[in-house]
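Structure data follow from data.txt (compact mmCIF, C-alpha atoms):
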# COMPACT_ATOMS: atom_id res chain seq x y z
CA MET A 24 66.53 190.70 99.82
CA SER A 25 66.53 188.24 102.72
CA ASN A 26 68.06 184.78 102.49
CA GLU A 27 64.60 183.20 102.76
CA SER A 28 63.16 185.10 99.79
CA LEU A 29 66.31 184.39 97.75
CA ILE A 30 65.97 180.66 98.50
CA ALA A 31 62.26 180.80 97.60
CA ASP A 32 63.12 182.47 94.28
CA LEU A 33 65.86 179.98 93.46
CA SER A 34 63.83 176.89 94.32
CA SER A 35 60.61 177.91 92.51
CA ASN A 36 60.21 176.51 88.98
CA LEU A 37 63.42 174.52 89.36
CA ALA A 38 64.41 172.82 86.11
CA PRO A 39 66.40 169.56 85.99
CA VAL A 40 70.05 170.01 85.01
CA GLN A 41 72.41 167.77 83.07
CA ARG A 42 75.33 166.79 85.26
CA ARG A 43 78.86 167.31 84.11
CA SER A 44 80.53 164.16 82.89
CA MET A 45 84.28 163.87 82.32
CA LEU A 46 83.61 161.07 79.84
CA ARG A 47 81.25 163.19 77.74
CA GLU A 48 83.50 166.25 77.82
CA GLY A 49 86.61 164.17 77.05
CA GLY A 50 84.71 162.55 74.17
CA LEU A 51 83.81 165.98 72.79
CA VAL A 52 87.44 167.11 72.82
CA PHE A 53 88.58 163.80 71.30
CA ALA A 54 85.96 164.08 68.53
CA LEU A 55 86.99 167.66 67.75
CA GLY A 56 90.66 166.63 67.63
CA ALA A 57 89.85 163.71 65.32
CA VAL A 58 87.80 165.92 62.98
CA GLU A 59 90.56 168.52 62.93
CA LEU A 60 93.20 165.88 62.14
CA ALA A 61 91.04 164.39 59.37
CA LEU A 62 90.40 167.82 57.83
CA PHE A 63 94.06 168.76 58.11
CA LEU A 64 95.28 165.56 56.49
CA GLY A 65 92.45 165.83 53.95
CA LEU A 66 94.05 169.02 52.69
CA GLY A 67 96.96 166.88 51.51
CA VAL A 68 99.58 168.36 53.80
CA MET A 69 100.77 165.05 55.31
CA ARG A 70 104.51 164.60 54.77
CA PRO A 71 105.06 162.49 51.62
CA ASP A 72 107.42 160.01 53.27
CA MET A 73 105.01 159.21 56.10
CA HIS A 74 104.46 155.61 54.98
CA HIS A 75 108.19 155.08 54.55
CA MET A 76 108.83 156.59 58.00
CA SER A 77 106.00 154.77 59.76
CA GLY A 78 108.28 152.27 61.51
CA SER A 79 110.99 154.72 62.51
CA PRO A 80 111.54 155.22 66.27
CA PHE A 81 111.78 158.98 65.75
CA LEU A 82 108.33 159.29 64.19
CA MET A 83 106.84 156.93 66.77
CA TRP A 84 108.42 159.05 69.51
CA ARG A 85 107.13 162.29 68.03
CA VAL A 86 103.58 161.19 67.34
CA GLY A 87 103.36 158.88 70.36
CA SER A 88 104.67 161.29 72.97
CA LEU A 89 102.59 164.19 71.64
CA GLY A 90 99.50 161.98 71.52
CA ILE A 91 100.00 160.79 75.10
CA LEU A 92 100.69 164.35 76.25
CA ALA A 93 97.59 165.65 74.43
CA VAL A 94 95.27 163.01 75.91
CA ALA A 95 96.70 163.35 79.42
CA ALA A 96 96.65 167.16 79.33
CA CYS A 97 93.05 167.25 78.04
CA LEU A 98 91.88 164.91 80.80
CA LEU A 99 93.78 166.89 83.42
CA ALA A 100 92.32 170.16 82.12
CA ILE A 101 88.75 168.78 82.18
CA ARG A 102 89.31 167.35 85.65
CA SER A 103 90.57 170.74 86.84
CA TYR A 104 87.17 172.32 86.06
CA SER A 105 85.67 170.63 89.10
CA PRO A 106 85.46 172.90 92.18
CA THR A 107 87.24 170.33 94.32
CA ALA A 108 90.12 169.71 91.90
CA GLN A 109 93.69 170.85 92.51
CA PRO A 110 95.00 171.89 89.04
CA ARG A 111 98.53 172.31 90.40
CA HIS A 112 98.99 168.52 90.72
CA GLY A 113 97.76 167.98 87.15
CA LEU A 114 100.10 170.65 85.81
CA MET A 115 103.06 169.06 87.56
CA LEU A 116 102.12 165.71 86.04
CA ALA A 117 101.88 167.27 82.56
CA CYS A 118 105.32 168.87 83.03
CA ALA A 119 106.75 165.51 84.16
CA LEU A 120 105.30 163.84 81.04
CA ALA A 121 106.82 166.55 78.83
CA VAL A 122 110.24 166.12 80.46
CA ALA A 123 110.03 162.32 80.03
CA ALA A 124 109.17 162.83 76.34
CA ILE A 125 112.16 165.14 75.88
CA VAL A 126 114.51 162.63 77.53
CA ALA A 127 113.13 159.85 75.30
CA GLY A 128 113.72 162.12 72.29
CA ALA A 129 117.45 162.18 73.02
CA VAL A 130 117.50 158.36 72.79
CA VAL A 131 115.68 158.12 69.46
CA ALA A 132 117.57 160.91 67.66
CA PRO A 133 118.25 159.79 64.06
CA SER A 134 121.88 159.37 63.06
CA GLY A 135 123.44 162.30 61.20
CA VAL A 136 122.07 165.12 63.33
CA SER A 137 124.93 165.32 65.78
CA GLY A 138 127.48 166.78 63.33
CA ARG A 139 125.37 169.82 62.44
CA THR A 140 125.55 173.22 64.09
CA LEU A 141 122.91 174.39 66.55
CA LEU A 142 121.59 176.96 64.05
CA GLU A 143 121.26 174.31 61.34
CA ARG A 144 119.51 171.94 63.71
CA THR A 145 116.98 174.46 64.99
CA ALA A 146 116.34 176.18 61.61
CA PRO A 147 114.73 179.28 63.14
CA ALA A 148 112.91 180.43 59.98
CA SER A 149 111.06 177.12 59.57
CA GLY A 150 110.72 176.78 63.32
CA MET A 151 108.78 180.02 63.65
CA LEU A 152 106.42 178.78 60.95
CA CYS A 153 105.97 175.48 62.80
CA ALA A 154 105.21 177.27 66.07
CA ALA A 155 102.69 179.54 64.33
CA SER A 156 101.02 176.51 62.70
CA ILE A 157 100.75 174.76 66.06
CA PHE A 158 99.21 177.92 67.51
CA VAL A 159 96.54 178.09 64.78
CA LEU A 160 95.80 174.34 64.96
CA SER A 161 95.29 174.55 68.72
CA LEU A 162 92.64 177.29 68.57
CA PRO A 163 89.58 175.04 68.02
CA VAL A 164 90.47 172.82 71.01
CA MET A 165 91.24 175.89 73.12
CA ALA A 166 87.83 177.36 72.26
CA LEU A 167 86.07 174.11 73.18
CA LEU A 168 87.99 173.76 76.45
CA GLY A 169 87.19 177.41 77.23
CA ALA A 170 83.48 176.74 76.68
CA LEU A 171 83.63 173.65 78.92
CA MET A 172 85.48 175.62 81.57
CA ARG A 173 82.87 178.36 81.47
CA ARG A 174 80.08 175.87 81.97
CA ALA A 175 81.90 174.21 84.89
CA ALA A 176 83.06 175.63 88.22
CA PRO A 177 86.84 175.75 88.55
CA THR A 178 87.82 177.45 91.79
CA GLN A 179 91.33 178.18 90.48
CA PRO A 180 90.46 179.54 87.01
CA ARG A 181 93.98 180.77 86.23
CA LEU A 182 95.55 177.36 86.73
CA SER A 183 92.65 175.66 84.93
CA ALA A 184 93.14 178.08 82.02
CA LEU A 185 96.85 177.27 81.95
CA ALA A 186 96.06 173.53 81.91
CA SER A 187 93.58 174.14 79.06
CA GLY A 188 96.25 176.04 77.11
CA ILE A 189 98.79 173.25 77.54
CA ALA A 190 96.18 170.68 76.46
CA ALA A 191 95.17 172.72 73.40
CA GLY A 192 98.84 173.28 72.48
CA ALA A 193 99.59 169.56 72.78
CA CYS A 194 96.59 168.77 70.54
CA GLY A 195 97.77 171.33 67.96
CA ALA A 196 101.31 169.92 68.08
CA PHE A 197 99.99 166.36 67.69
CA VAL A 198 98.05 167.28 64.53
CA PHE A 199 100.98 169.24 63.14
CA ALA A 200 103.38 166.34 63.79
CA PHE A 201 101.87 164.51 60.79
CA CYS A 202 103.09 167.12 58.32
CA CYS A 203 106.30 168.44 59.88
CA PRO A 204 109.22 167.47 57.60
CA PHE A 205 112.00 167.92 60.20
CA ASN A 206 113.58 164.82 61.74
CA ASP A 207 115.60 166.37 64.55
CA PRO A 208 114.43 165.93 68.17
CA LEU A 209 116.08 169.24 69.13
CA TYR A 210 114.02 171.05 66.50
CA VAL A 211 110.85 169.34 67.71
CA VAL A 212 111.54 170.08 71.37
CA VAL A 213 112.43 173.75 70.78
CA TRP A 214 109.75 174.84 68.31
CA TYR A 215 106.91 172.63 69.45
CA SER A 216 107.56 173.89 72.99
CA VAL A 217 107.48 177.47 71.73
CA GLY A 218 104.15 176.83 69.99
CA CYS A 219 102.62 175.12 73.04
CA ALA A 220 103.95 177.82 75.38
CA ALA A 221 102.40 180.55 73.23
CA VAL A 222 99.03 178.77 73.31
CA ALA A 223 99.29 178.25 77.07
CA ALA A 224 100.15 181.93 77.61
CA VAL A 225 97.20 183.12 75.52
CA ALA A 226 94.83 180.70 77.29
CA ARG A 227 96.13 181.74 80.70
CA TRP A 228 95.51 185.39 79.81
CA CYS A 229 92.18 185.07 77.95
CA LEU A 230 90.16 182.26 79.49
CA PRO A 231 89.89 183.53 83.11
CA ARG A 232 88.51 186.84 81.77
CA ARG A 233 85.57 184.98 80.26
CA PHE A 234 84.91 183.04 83.44
CA ARG A 235 82.95 183.85 86.58
CA LEU A 236 81.99 181.31 89.25
CA MET B 1 107.88 200.08 115.99
CA GLY B 2 107.98 196.30 116.45
CA ARG B 3 107.38 196.53 120.20
CA GLU B 4 104.56 199.08 119.71
CA TYR B 5 102.91 196.76 117.22
CA ARG B 6 103.19 193.77 119.54
CA THR B 7 101.69 195.76 122.43
CA MET B 8 98.85 197.05 120.27
CA ARG B 9 98.17 193.57 118.90
CA SER B 10 98.09 191.93 122.33
CA ASP B 11 95.78 194.73 123.65
CA PHE B 12 93.44 194.17 120.74
CA LEU B 13 93.44 190.39 121.15
CA SER B 14 92.95 190.53 124.91
CA ARG B 15 89.91 192.79 124.37
CA LEU B 16 88.48 190.35 121.86
CA ILE B 17 89.34 187.15 123.68
CA SER B 18 87.86 187.87 127.07
CA LYS B 19 86.75 185.03 129.37
CA PRO B 20 83.54 183.51 127.94
CA THR B 21 80.40 183.76 130.03
CA GLN B 22 78.42 180.67 131.01
CA GLY B 23 75.59 181.72 128.67
CA ALA B 24 77.92 181.98 125.72
CA ALA B 25 79.32 178.53 126.43
CA ARG B 26 75.82 177.07 126.55
CA VAL B 27 74.88 178.69 123.24
CA SER B 28 78.08 177.36 121.72
CA ARG B 29 77.33 173.77 122.81
CA GLU B 30 73.79 174.04 121.48
CA GLN B 31 74.94 175.02 118.01
CA PRO B 32 74.59 172.30 115.36
CA SER B 33 77.62 170.42 114.07
CA ARG B 34 79.91 172.20 111.61
CA THR B 35 80.27 169.16 109.40
CA VAL B 36 78.07 168.73 106.35
CA PRO B 37 75.25 166.17 106.83
CA ASP B 38 75.27 163.13 104.50
CA SER B 39 71.62 163.77 103.58
CA TRP B 40 72.63 166.93 101.69
CA SER B 41 74.09 164.81 98.92
CA ASP B 42 70.71 163.11 98.39
CA LEU B 43 68.94 166.46 98.49
CA MET B 44 71.32 167.85 95.88
CA VAL B 45 70.73 164.87 93.60
CA ALA B 46 66.98 165.46 93.92
CA ALA B 47 67.54 169.15 93.18
CA GLN B 48 69.56 168.27 90.07
CA ASN B 49 66.55 166.25 88.95
CA GLY B 50 64.29 169.30 89.38
CA HIS B 51 62.78 168.68 92.84
CA GLY B 52 62.07 172.20 94.16
CA GLY B 53 61.08 171.14 97.69
CA ALA B 54 64.31 169.24 98.27
CA TYR B 55 66.27 172.16 96.84
CA ARG B 56 64.54 174.67 99.13
CA ARG B 57 65.32 172.52 102.17
CA LEU B 58 68.91 172.04 101.04
CA LEU B 59 69.50 175.76 100.47
CA SER B 60 67.94 176.65 103.83
CA GLU B 61 70.24 174.25 105.67
CA MET B 62 73.21 175.34 103.59
CA SER B 63 72.39 178.96 104.34
CA ASP B 64 72.78 178.32 108.10
CA TRP B 65 76.03 176.43 107.51
CA LEU B 66 77.35 179.22 105.31
CA ALA B 67 76.39 181.88 107.84
CA ARG B 68 78.49 180.10 110.47
CA TYR B 69 81.32 179.63 107.94
CA PHE B 70 81.47 183.33 107.05
CA GLN B 71 80.88 184.62 110.60
CA ARG B 72 84.27 183.25 111.51
CA ARG B 73 85.97 184.77 108.48
CA LEU B 74 84.36 188.11 107.64
CA PRO B 75 83.16 191.26 109.40
CA PRO B 76 79.51 190.84 110.50
CA GLY B 77 78.29 193.37 107.93
CA ASP B 78 79.59 191.26 105.04
CA VAL B 79 78.26 187.88 106.13
CA ASP B 80 74.80 188.13 104.53
CA ASP B 81 76.25 189.28 101.21
CA ALA B 82 78.71 186.39 101.21
CA VAL B 83 75.98 183.86 102.05
CA GLN B 84 73.74 185.11 99.24
CA GLU B 85 76.59 185.24 96.72
CA THR B 86 77.47 181.66 97.61
CA LEU B 87 73.85 180.50 97.32
CA LEU B 88 73.69 182.06 93.86
CA ALA B 89 76.96 180.37 92.85
CA ILE B 90 75.64 177.03 94.14
CA HIS B 91 72.47 177.54 92.12
CA ARG B 92 74.33 178.44 88.92
CA ARG B 93 76.81 175.56 89.25
CA ARG B 94 74.64 172.84 90.77
CA HIS B 95 75.16 170.67 87.67
CA THR B 96 78.87 170.40 88.54
CA TYR B 97 78.21 168.35 91.69
CA ASP B 98 79.06 164.69 91.14
CA PRO B 99 77.01 162.42 93.46
CA GLN B 100 79.88 159.90 93.53
CA TYR B 101 81.74 162.28 95.82
CA PRO B 102 80.71 163.86 99.16
CA LEU B 103 79.04 167.25 99.00
CA GLY B 104 81.13 168.82 101.79
CA PRO B 105 84.34 169.50 99.84
CA TRP B 106 82.30 170.79 96.87
CA LEU B 107 80.43 173.24 99.09
CA ALA B 108 83.57 174.25 101.00
CA ALA B 109 85.44 174.93 97.74
CA ILE B 110 82.70 177.26 96.49
CA ALA B 111 82.39 178.96 99.89
CA LYS B 112 86.14 179.50 100.07
CA ASN B 113 86.11 181.04 96.60
CA LYS B 114 83.38 183.45 97.64
CA TRP B 115 85.30 184.26 100.82
CA VAL B 116 88.30 185.24 98.72
CA ASP B 117 86.02 187.35 96.49
CA GLN B 118 84.68 189.14 99.58
CA LEU B 119 88.21 189.78 100.84
CA ARG B 120 89.12 191.25 97.46
CA SER B 121 86.09 193.54 97.53
CA LEU B 122 87.02 194.50 101.09
CA ALA B 123 90.47 195.49 99.84
CA ARG B 124 88.98 197.59 97.03
CA ARG B 125 86.69 199.59 99.33
CA PRO B 126 87.78 203.08 100.47
CA VAL B 127 89.91 202.65 103.56
CA ASN B 128 87.90 205.06 105.72
CA GLU B 129 84.63 203.24 105.12
CA LEU B 130 84.09 200.82 107.99
CA PRO B 131 80.78 199.19 108.95
CA ASP B 132 79.46 200.49 112.29
CA GLU B 133 78.72 196.98 113.53
CA ILE B 134 82.31 195.81 113.12
CA ALA B 135 82.81 195.48 116.88
CA VAL B 136 79.43 193.89 117.51
CA GLY B 137 78.72 190.23 117.15
CA ASP B 138 78.65 186.72 118.44
CA HIS B 139 81.36 186.02 121.03
CA GLU B 140 82.51 182.71 119.62
CA ALA B 141 82.84 184.16 116.16
CA SER B 142 84.96 187.01 117.56
CA VAL B 143 87.27 184.63 119.36
CA ILE B 144 87.82 182.50 116.29
CA SER B 145 88.09 185.51 113.99
CA SER B 146 90.70 187.11 116.23
CA SER B 147 92.65 183.88 116.41
CA VAL B 148 92.58 183.51 112.62
CA LEU B 149 93.40 187.20 112.23
CA ALA B 150 96.35 186.96 114.62
CA SER B 151 97.86 184.02 112.75
CA LEU B 152 97.31 185.75 109.41
CA LEU B 153 98.81 189.04 110.61
CA ASP B 154 101.91 187.18 111.73
CA GLU B 155 102.54 186.36 108.06
CA LEU B 156 102.80 190.06 107.14
CA ARG B 157 105.52 192.62 107.57
CA PRO B 158 105.01 194.53 110.87
CA ALA B 159 104.29 197.81 109.06
CA GLN B 160 101.56 196.17 106.96
CA ALA B 161 100.04 194.31 109.91
CA GLN B 162 100.05 197.46 112.04
CA ALA B 163 98.33 199.53 109.34
CA ILE B 164 95.65 196.88 108.74
CA LEU B 165 95.06 196.42 112.46
CA LEU B 166 94.61 200.14 113.06
CA VAL B 167 92.53 201.10 110.01
CA LYS B 168 90.64 197.97 108.97
CA VAL B 169 90.09 196.39 112.38
CA GLN B 170 90.11 199.18 114.94
CA GLY B 171 88.48 201.76 112.68
CA TYR B 172 91.03 204.58 112.80
CA SER B 173 91.15 206.98 109.88
CA ILE B 174 94.22 207.00 107.63
CA GLU B 175 95.39 210.28 109.16
CA GLU B 176 94.98 209.01 112.73
CA ALA B 177 96.79 205.79 111.92
CA SER B 178 99.49 207.77 110.15
CA GLY B 179 100.02 209.88 113.28
CA GLN B 180 100.09 206.84 115.57
CA ILE B 181 102.61 204.77 113.65
CA GLY B 182 104.73 207.55 112.20
CA GLN B 183 104.19 206.72 108.53
CA SER B 184 102.94 209.07 105.82
CA PRO B 185 99.25 208.61 104.87
CA SER B 186 100.21 207.29 101.44
CA ALA B 187 102.57 204.75 103.05
CA VAL B 188 99.73 203.61 105.34
CA LYS B 189 97.42 203.20 102.33
CA MET B 190 100.10 201.31 100.42
CA ASN B 191 100.80 199.02 103.39
CA ILE B 192 97.09 198.26 103.75
CA HIS B 193 96.73 197.54 100.04
CA ARG B 194 99.81 195.29 99.87
CA GLY B 195 98.99 193.60 103.18
CA LEU B 196 95.44 192.71 102.09
CA ALA B 197 96.74 191.45 98.75
CA ARG B 198 99.26 189.27 100.59
CA LEU B 199 96.54 187.97 102.95
CA THR B 200 94.36 187.08 99.98
CA ALA B 201 97.24 185.18 98.39
CA ILE B 202 97.93 183.31 101.65
CA ILE B 203 94.26 182.34 102.02
CA GLU B 204 94.06 181.16 98.41
CA LYS B 205 97.03 178.88 98.97
CA THR B 206 95.71 177.30 102.16
CA PRO B 207 93.78 174.03 101.72
CA ASP B 208 90.01 174.02 102.25
CA VAL B 209 88.75 173.50 105.75
CA GLU B 210 85.58 171.70 106.86
Translate the structure of the given file into structure tokens.
Amino acid sequence: MSNESLIADLSSNLAPVQRRSMLREGGLVFALGAVELALFLGLGVMRPDMHHMSGSPFLMWRVGSLGILAVAACLLAIRSYSPTAQPRHGLMLACALAVAAIVAGAVVAPSGVSGRTLLERTAPASGMLCAASIFVLSLPVMALLGALMRRAAPTQPRLSALASGIAAGACGAFVFAFCCPFNDPLYVVVWYSVGCAAVAAVARWCLPRRFRL
Amino acid sequence: MGREYRTMRSDFLSRLISKPTQGAARVSREQPSRTVPDSWSDLMVAAQNGHGGAYRRLLSEMSDWLARYFQRRLPPGDVDDAVQETLLAIHRRRHTYDPQYPLGPWLAAIAKNKWVDQLRSLARRPVNELPDEIAVGDHEASVISSSVLASLLDELRPAQAQAILLVKVQGYSIEEASGQIGQSPSAVKMNIHRGLARLTAIIEKTPDVE
């Protein structure tokens, strides 16, 4: 087929298309996250002392930093779906935010955690459960971001998939933060990171396979 | 081996970069600008709204631009395929263009992606299959291609560059190349495979041009 006949085919019966909009796509992800949080809390799994803890710096750090990370990572992931975007810069920014959150966590650590052993502080049995919960909670957002990525045109699909995984993991961790009973920043940093990393690895492996520019 | 490679490379480049004739220079000056016209953005907006005539004009002009883009980056036999693949990608993803931004980087990003795809398919092809028209083509394109090729080959290990130069560029068979450079045929194949993979990685990391 010559270029001319291909162009004639493509331009005949041309239908209008709806342009991509970061605002609309961000709104979709936000709405899904809100619905997921409402459903999750509706199940009655919110930690019982949440109201008592509401003013504590530790809880504000946990929920606040995960919320900021989730919003920033989602916006960066959606931005990375544009052909002209450079996902590497967004990923570096997300990593910088995560490091800043970890540093802030050391400042707000509740008293009474420093005398315990590393094994007691990280509680591996509960931690694995937390990481698995974060993984499951992140799946809806990962699926939505994967669908948005497929509809868009990322020219670096592997990095965009990684950004999507980090965003989905941060959303899952944010929702889970409302029911996690542990009050140790080390526990949060270790097991929430494990959960997010697992989501990011799965997204990095799965999403580019479903994508073709 | 290093000196042999350098001699072979300079022979090859001197054959490609011969003194341009007056006619070639005139053709080169008469070629349209390589930058993307501003009007393309308006045509794309009209196309997004379903205007077939504007879209046909846009794709025709883009097709010429893409042909020049790929002529400087791919063997002549692969240029038409790359242009058509890119036109199809533009058609499928036309909703991703945001009129707030210039069209040039958007088009260049898609074209670069398709270039990388073509390089990957080139690497997957059997090594003894070389288009007959590889040595034929526009003089300017050859000069630029050879210049780009030379700078890219400098990034590779000499054994990889030598194997690619002999088999992929000069058209020798694996056995002939193996005899010339004193490597086993499987080592030549491996050097070609790894060298092309490395070139693809280098190209992917370089920022878009145009």
Inset, instruction - Can you check which residues of chain B have any atom within 9 Å of chain A? Use only C-alpha atoms and format it as an MDAnalysis selection string. - result: chainID B and resid 46:57 59:60 63 80 83:84 87:89 91:98 105:110 112:114 204
Inset, instruction - Pick out the residues sitting within 7 Å of Leu89 of chain A, and hand them over as a list of chain:residue names; count only C-alpha atoms, and ignore anything fewer than 6 positions along from it in its own chain. - result: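 Contacts, with the query itself left out: A:Ala193, A:Ala196, A:Phe197.
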Inset, instruction - Would you mind listing what lies within 7 Å of segment 50-64 of chain A as a PyMOL selection string, with all atoms listed in the file counted and same-chain residues fewer than 4 positions away left out? - result: chain A and resi 46+68-69+164+194+198
Prev. selection, C-alpha atoms, output as a PDB file, in the frame of the given file:
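Contents of the output file again36.pdb:
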ATOM      1  CA  LEU A  46      83.610 161.070  79.840  1.00  0.00           C
ATOM      2  CA  VAL A  68      99.580 168.360  53.800  1.00  0.00           C
ATOM      3  CA  MET A  69     100.770 165.050  55.310  1.00  0.00           C
ATOM      4  CA  VAL A 164      90.470 172.820  71.010  1.00  0.00           C
ATOM      5  CA  CYS A 194      96.590 168.770  70.540  1.00  0.00           C
ATOM      6  CA  VAL A 198      98.050 167.280  64.530  1.00  0.00           C
TER       7      VAL A 198
END
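Going from atom CA of Arg85 of chain A to atom CA of Val131 of chain A covers 9.6 Å.
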Inset, instruction - Provide the atom CA of Leu82 of chain A to atom CA of Tyr215 of chain A distance in Å, to one decimal place. - result: 14.4 Å
Inset, instruction - Could you jot down the atom CA of Leu156 of chain B to atom CA of Asp81 of chain B separation for me, Å, one decimal place? - result: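 According to the coordinates, atom CA of Leu156 of chain B and atom CA of Asp81 of chain B are separated by 27.2 Å.
Considering only C-alpha atoms, the residue among A:Gly87, A:Gly169, A:Cys153, A:Phe205 positioned nearest to Ser183 of chain A is A:Gly169.
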